[in-house]
Each structure stands twice: as C-alpha cells, then as structure tokens.
file entry.cif (mmCIF, C-alpha atoms)
data_start
loop_
_atom_site.group_PDB
_atom_site.id
_atom_site.type_symbol
_atom_site.label_atom_id
_atom_site.label_comp_id
_atom_site.auth_asym_id
_atom_site.auth_seq_id
_atom_site.Cartn_x
_atom_site.Cartn_y
_atom_site.Cartn_z
ATOM 1 C CA MET E 1 -141.291 11.049 -46.170
ATOM 2 C CA THR E 2 -137.989 9.145 -45.810
ATOM 3 C CA GLU E 3 -135.255 9.144 -48.449
ATOM 4 C CA GLN E 4 -136.051 5.506 -49.241
ATOM 5 C CA ASN E 5 -139.736 6.306 -49.733
ATOM 6 C CA LEU E 6 -138.833 9.292 -51.928
ATOM 7 C CA GLY E 7 -136.579 7.076 -54.027
ATOM 8 C CA GLU E 8 -139.313 4.491 -54.445
ATOM 9 C CA GLU E 9 -141.902 7.125 -55.338
ATOM 10 C CA LEU E 10 -139.542 8.704 -57.872
ATOM 11 C CA TYR E 11 -138.839 5.304 -59.399
ATOM 12 C CA ASN E 12 -142.549 4.459 -59.620
ATOM 13 C CA LEU E 13 -143.409 7.819 -61.181
ATOM 14 C CA LEU E 14 -140.606 7.576 -63.737
ATOM 15 C CA ALA E 15 -141.596 3.998 -64.600
ATOM 16 C CA ASP E 16 -145.212 5.094 -65.054
ATOM 17 C CA LEU E 17 -144.168 8.051 -67.205
ATOM 18 C CA LEU E 18 -141.806 6.039 -69.386
ATOM 19 C CA ASN E 19 -144.263 3.183 -69.891
ATOM 20 C CA ARG E 20 -147.054 5.351 -71.254
ATOM 21 C CA LYS E 21 -147.879 4.716 -74.903
ATOM 22 C CA ALA E 22 -146.970 8.202 -76.153
ATOM 23 C CA ASN E 23 -143.617 8.045 -74.391
ATOM 24 C CA MET E 24 -142.924 4.520 -75.647
ATOM 25 C CA THR E 25 -143.375 5.812 -79.199
ATOM 26 C CA VAL E 26 -140.825 8.553 -78.554
ATOM 27 C CA LEU E 27 -138.416 6.246 -76.714
ATOM 28 C CA ASN E 28 -138.590 3.625 -79.466
ATOM 29 C CA SER E 29 -137.971 6.276 -82.111
ATOM 30 C CA ILE E 30 -134.855 7.552 -80.337
ATOM 31 C CA ARG E 31 -133.055 4.268 -80.931
ATOM 32 C CA GLY E 32 -134.632 3.568 -84.314
ATOM 33 C CA GLU E 33 -134.668 5.266 -87.664
ATOM 34 C CA TYR E 34 -135.632 8.665 -86.288
ATOM 35 C CA GLY E 35 -132.820 8.475 -83.739
ATOM 36 C CA VAL E 36 -130.293 8.010 -86.530
ATOM 37 C CA LEU E 37 -131.803 10.777 -88.669
ATOM 38 C CA ARG E 38 -132.000 13.106 -85.661
ATOM 39 C CA TYR E 39 -128.354 12.457 -84.850
ATOM 40 C CA LEU E 40 -127.220 13.049 -88.442
ATOM 41 C CA VAL E 41 -129.296 16.219 -88.881
ATOM 42 C CA TYR E 42 -129.039 17.920 -85.499
ATOM 43 C CA ILE E 43 -125.813 16.603 -83.941
ATOM 44 C CA GLN E 44 -123.274 15.374 -86.479
ATOM 45 C CA ASP E 45 -123.471 14.235 -90.083
ATOM 46 C CA TYR E 46 -120.963 12.056 -91.940
ATOM 47 C CA VAL E 47 -120.100 9.545 -89.219
ATOM 48 C CA THR E 48 -119.429 5.812 -89.114
ATOM 49 C CA ALA E 49 -122.049 3.222 -88.243
ATOM 50 C CA GLY E 50 -119.932 2.325 -85.208
ATOM 51 C CA HIS E 51 -120.099 5.900 -83.993
ATOM 52 C CA LEU E 52 -123.884 5.898 -84.371
ATOM 53 C CA SER E 53 -124.154 2.588 -82.501
ATOM 54 C CA GLU E 54 -122.087 3.963 -79.654
ATOM 55 C CA GLN E 55 -123.893 7.301 -79.424
ATOM 56 C CA LEU E 56 -127.397 5.830 -79.671
ATOM 57 C CA HIS E 57 -126.655 2.746 -77.532
ATOM 58 C CA VAL E 58 -127.724 0.346 -80.275
ATOM 59 C CA VAL E 59 -125.990 -2.975 -80.968
ATOM 60 C CA PRO E 60 -124.135 -3.067 -84.314
ATOM 61 C CA GLY E 61 -126.450 -5.670 -85.871
ATOM 62 C CA ARG E 62 -129.515 -3.540 -85.131
ATOM 63 C CA MET E 63 -127.709 -0.440 -86.467
ATOM 64 C CA THR E 64 -127.025 -2.287 -89.733
ATOM 65 C CA ASP E 65 -130.745 -3.058 -90.063
ATOM 66 C CA ILE E 66 -131.668 0.576 -89.369
ATOM 67 C CA LEU E 67 -129.125 1.891 -91.889
ATOM 68 C CA ASN E 68 -130.240 -0.612 -94.553
ATOM 69 C CA SER E 69 -133.844 0.516 -94.107
ATOM 70 C CA LEU E 70 -132.970 4.225 -94.196
ATOM 71 C CA GLU E 71 -130.781 3.735 -97.266
ATOM 72 C CA SER E 72 -133.502 1.809 -99.113
ATOM 73 C CA LYS E 73 -135.871 4.730 -98.451
ATOM 74 C CA GLY E 74 -133.328 7.230 -99.786
ATOM 75 C CA LEU E 75 -132.962 8.969 -96.404
ATOM 76 C CA ILE E 76 -129.216 8.314 -95.969
ATOM 77 C CA THR E 77 -126.203 7.424 -98.075
ATOM 78 C CA ARG E 78 -123.148 5.362 -97.174
ATOM 79 C CA ASP E 79 -119.845 6.256 -98.803
ATOM 80 C CA ARG E 80 -116.256 5.137 -98.395
ATOM 81 C CA ASP E 81 -114.159 7.585 -96.402
ATOM 82 C CA PRO E 82 -111.704 9.127 -98.909
ATOM 83 C CA LYS E 83 -109.052 9.306 -96.143
ATOM 84 C CA ASP E 84 -109.478 5.652 -95.106
ATOM 85 C CA LYS E 85 -111.062 3.344 -97.692
ATOM 86 C CA ARG E 86 -111.770 0.730 -94.989
ATOM 87 C CA ARG E 87 -114.277 3.038 -93.294
ATOM 88 C CA VAL E 88 -117.800 3.801 -94.462
ATOM 89 C CA LYS E 89 -119.394 7.102 -93.496
ATOM 90 C CA VAL E 90 -123.116 7.681 -93.171
ATOM 91 C CA SER E 91 -124.706 10.933 -94.388
ATOM 92 C CA VAL E 92 -128.261 12.202 -94.385
ATOM 93 C CA THR E 93 -129.925 13.090 -97.711
ATOM 94 C CA GLU E 94 -132.232 16.055 -98.306
ATOM 95 C CA SER E 95 -135.185 13.665 -98.033
ATOM 96 C CA GLY E 96 -133.787 12.452 -94.724
ATOM 97 C CA LYS E 97 -133.547 16.025 -93.440
ATOM 98 C CA ILE E 98 -137.186 16.615 -94.363
ATOM 99 C CA GLN E 99 -138.238 13.358 -92.656
ATOM 100 C CA ALA E 100 -136.291 14.274 -89.490
ATOM 101 C CA LYS E 101 -137.927 17.695 -89.392
ATOM 102 C CA GLN E 102 -141.396 16.167 -89.764
ATOM 103 C CA MET E 103 -140.728 13.647 -86.977
ATOM 104 C CA ARG E 104 -139.379 16.397 -84.726
ATOM 105 C CA GLU E 105 -142.580 18.392 -85.282
ATOM 106 C CA HIS E 106 -144.682 15.294 -84.520
ATOM 107 C CA ILE E 107 -142.816 14.678 -81.254
ATOM 108 C CA SER E 108 -143.173 18.343 -80.272
ATOM 109 C CA LYS E 109 -146.933 18.058 -80.756
ATOM 110 C CA GLU E 110 -146.967 14.936 -78.556
ATOM 111 C CA TYR E 111 -145.687 17.054 -75.657
ATOM 112 C CA GLU E 112 -147.678 20.253 -76.277
ATOM 113 C CA GLY E 113 -150.403 19.170 -73.859
ATOM 114 C CA MET E 114 -147.920 18.710 -71.047
ATOM 115 C CA PHE E 115 -146.415 22.114 -71.707
ATOM 116 C CA LYS E 116 -149.873 23.686 -71.642
ATOM 117 C CA ILE E 117 -150.595 22.082 -68.259
ATOM 118 C CA LEU E 118 -147.243 23.048 -66.745
ATOM 119 C CA GLY E 119 -146.889 26.504 -68.237
ATOM 120 C CA LYS E 120 -143.623 28.112 -69.309
ATOM 121 C CA LYS E 121 -142.083 28.560 -65.861
ATOM 122 C CA ASP E 122 -142.763 24.997 -64.660
ATOM 123 C CA THR E 123 -141.686 23.533 -68.015
ATOM 124 C CA GLU E 124 -138.370 25.382 -67.743
ATOM 125 C CA GLU E 125 -137.996 24.124 -64.160
ATOM 126 C CA PHE E 126 -138.838 20.572 -65.254
ATOM 127 C CA ILE E 127 -136.174 20.759 -67.977
ATOM 128 C CA ARG E 128 -133.642 22.139 -65.478
ATOM 129 C CA LEU E 129 -134.366 19.265 -63.072
ATOM 130 C CA LEU E 130 -134.159 16.650 -65.840
ATOM 131 C CA LYS E 131 -130.729 18.003 -66.784
ATOM 132 C CA ILE E 132 -129.609 17.511 -63.183
ATOM 133 C CA VAL E 133 -130.955 13.942 -63.181
ATOM 134 C CA LEU E 134 -129.215 13.228 -66.494
ATOM 135 C CA SER E 135 -125.896 14.556 -65.228
ATOM 136 C CA TYR E 136 -126.326 12.377 -62.116
ATOM 137 C CA SER E 137 -127.012 9.288 -64.223
ATOM 138 C CA ASN E 138 -124.086 10.110 -66.551
ATOM 139 C CA GLU E 139 -121.769 9.883 -63.538
ATOM 140 C CA GLY E 140 -122.641 6.182 -63.266
ATOM 141 C CA ALA E 141 -124.926 6.626 -60.271
ATOM 142 C CA PHE E 142 -127.385 4.025 -61.586
ATOM 143 C CA ASP E 143 -124.696 1.450 -62.419
ATOM 144 C CA SER E 144 -124.589 0.001 -58.907
ATOM 145 C CA SER E 145 -127.904 -1.852 -59.085
ATOM 146 C CA PRO E 146 -128.027 -5.357 -57.632
ATOM 147 C CA THR E 147 -127.956 -8.226 -60.113
ATOM 148 C CA ASN E 148 -130.695 -10.831 -60.225
#
call {"tool": "encode", "arguments": {"input": "entry.cif", "output": "structure tokens"}}
result
Amino acid sequence: MTEQNLGEELYNLLADLLNRKANMTVLNSIRGEYGVLRYLVYIQDYVTAGHLSEQLHVVPGRMTDILNSLESKGLITRDRDPKDKRRVKVSVTESGKIQAKQMREHISKEYEGMFKILGKKDTEEFIRLLKIVLSYSNEGAFDSSPTN
C-alpha cells in the first residue's frame, strides 16, 4: 500500500470512528458542560472564562452560555479575583465535582467494550499510538490543509 493510500485509509477510519454516535456524545461533551467540569476538577480549578475558552477551543459566547447553565445548576461559582477586581474566576462546587465524577464513569463505561475486545496490551499500544498522533497534530502538521 502506498503512503497516499495509507493516509486516505487512516483518514477514512478516523472519520468513521469519530462520527459514530457514542463518540459524538463524548466529543460533544468535551466542549460542553462536562468539558468545563472535567477541566476544573481534573486539570485546574479557579480559572478565568477566557482561559477555559482557550483550553477547550470554545468561542467566548458559547463559553458564557455553558458557564451560565452550570452556574444555574449550582455546579460552578464565579467570583471576582481578589488580586484583580476586573477578572472573574470560575470554580467548581462540590455538586460539580460529583457530576464530573459521574460523567467520567459514564464515559469509561462507553469504552469498556472496546477495551474488552482489544485487551490490556493492545489498549496500551493504542493509547501509546494516539499520544504520538496527538503530538504530531500539536506540531501543526494538520494546519497545512488546502482551503476550499
């Protein structure tokens, strides 16, 4: 198989994988409410909305909607930064931590079947390969696509 054919097959397989319903649910949650909760619980709490927008690749208007929804549900709080009153920091509440944990468990269950099929060794290899692909894409390798 030529490099071009391998590239096309990889693209087609990734597109098929990403467009499956279960994966769409996970992908949509990454940039939605769960994405924000996950970031605040497992990566960094007490950050600005701008920081969240940047880290989650969400436009500021959408981030405002997400934060309004989470705040109305009691899952986050927004407080003025005591060091800079112009800035508002976002924090997760205890209820938000519980919600994030429940969503994380749900997502883990979504992928249990795949892990059972692959087994431990192949799952570890799959994760290793995905990390390589992610580091490749982080270097801007996919930024040179032709424009339509």
call {"tool": "residues_around", "arguments": {"input": "entry.cif", "residues": "region 57-72 of chain E", "least_positions_apart": "3", "cutoff": "10 Å", "atoms": "all atoms listed in the file", "output": "ChimeraX atom specification"}}
result
/E:30-37,49-54,75-78,90-93,96
call {"tool": "atom_distance", "arguments": {"input": "entry.cif", "atom1": "CA of Lys85 (chain E)", "atom2": "CA of Leu40 (chain E)"}}
result
21.0 Å
call {"tool": "atom_distance", "arguments": {"input": "entry.cif", "atom1": "CA of Asp16 (chain E)", "atom2": "CA of Met114 (chain E)"}}
result
15.1 Å
call {"tool": "atom_distance", "arguments": {"input": "entry.cif", "atom1": "CA of Lys131 (chain E)", "atom2": "CA of Thr48 (chain E)"}}
result
27.8 Å
call {"tool": "closest_residue", "arguments": {"input": "entry.cif", "among": "E:Glu125, E:Val41, E:Tyr136, E:Val47", "to": "Lys89 (chain E)", "atoms": "all atoms listed in the file"}}
result
E:Val47
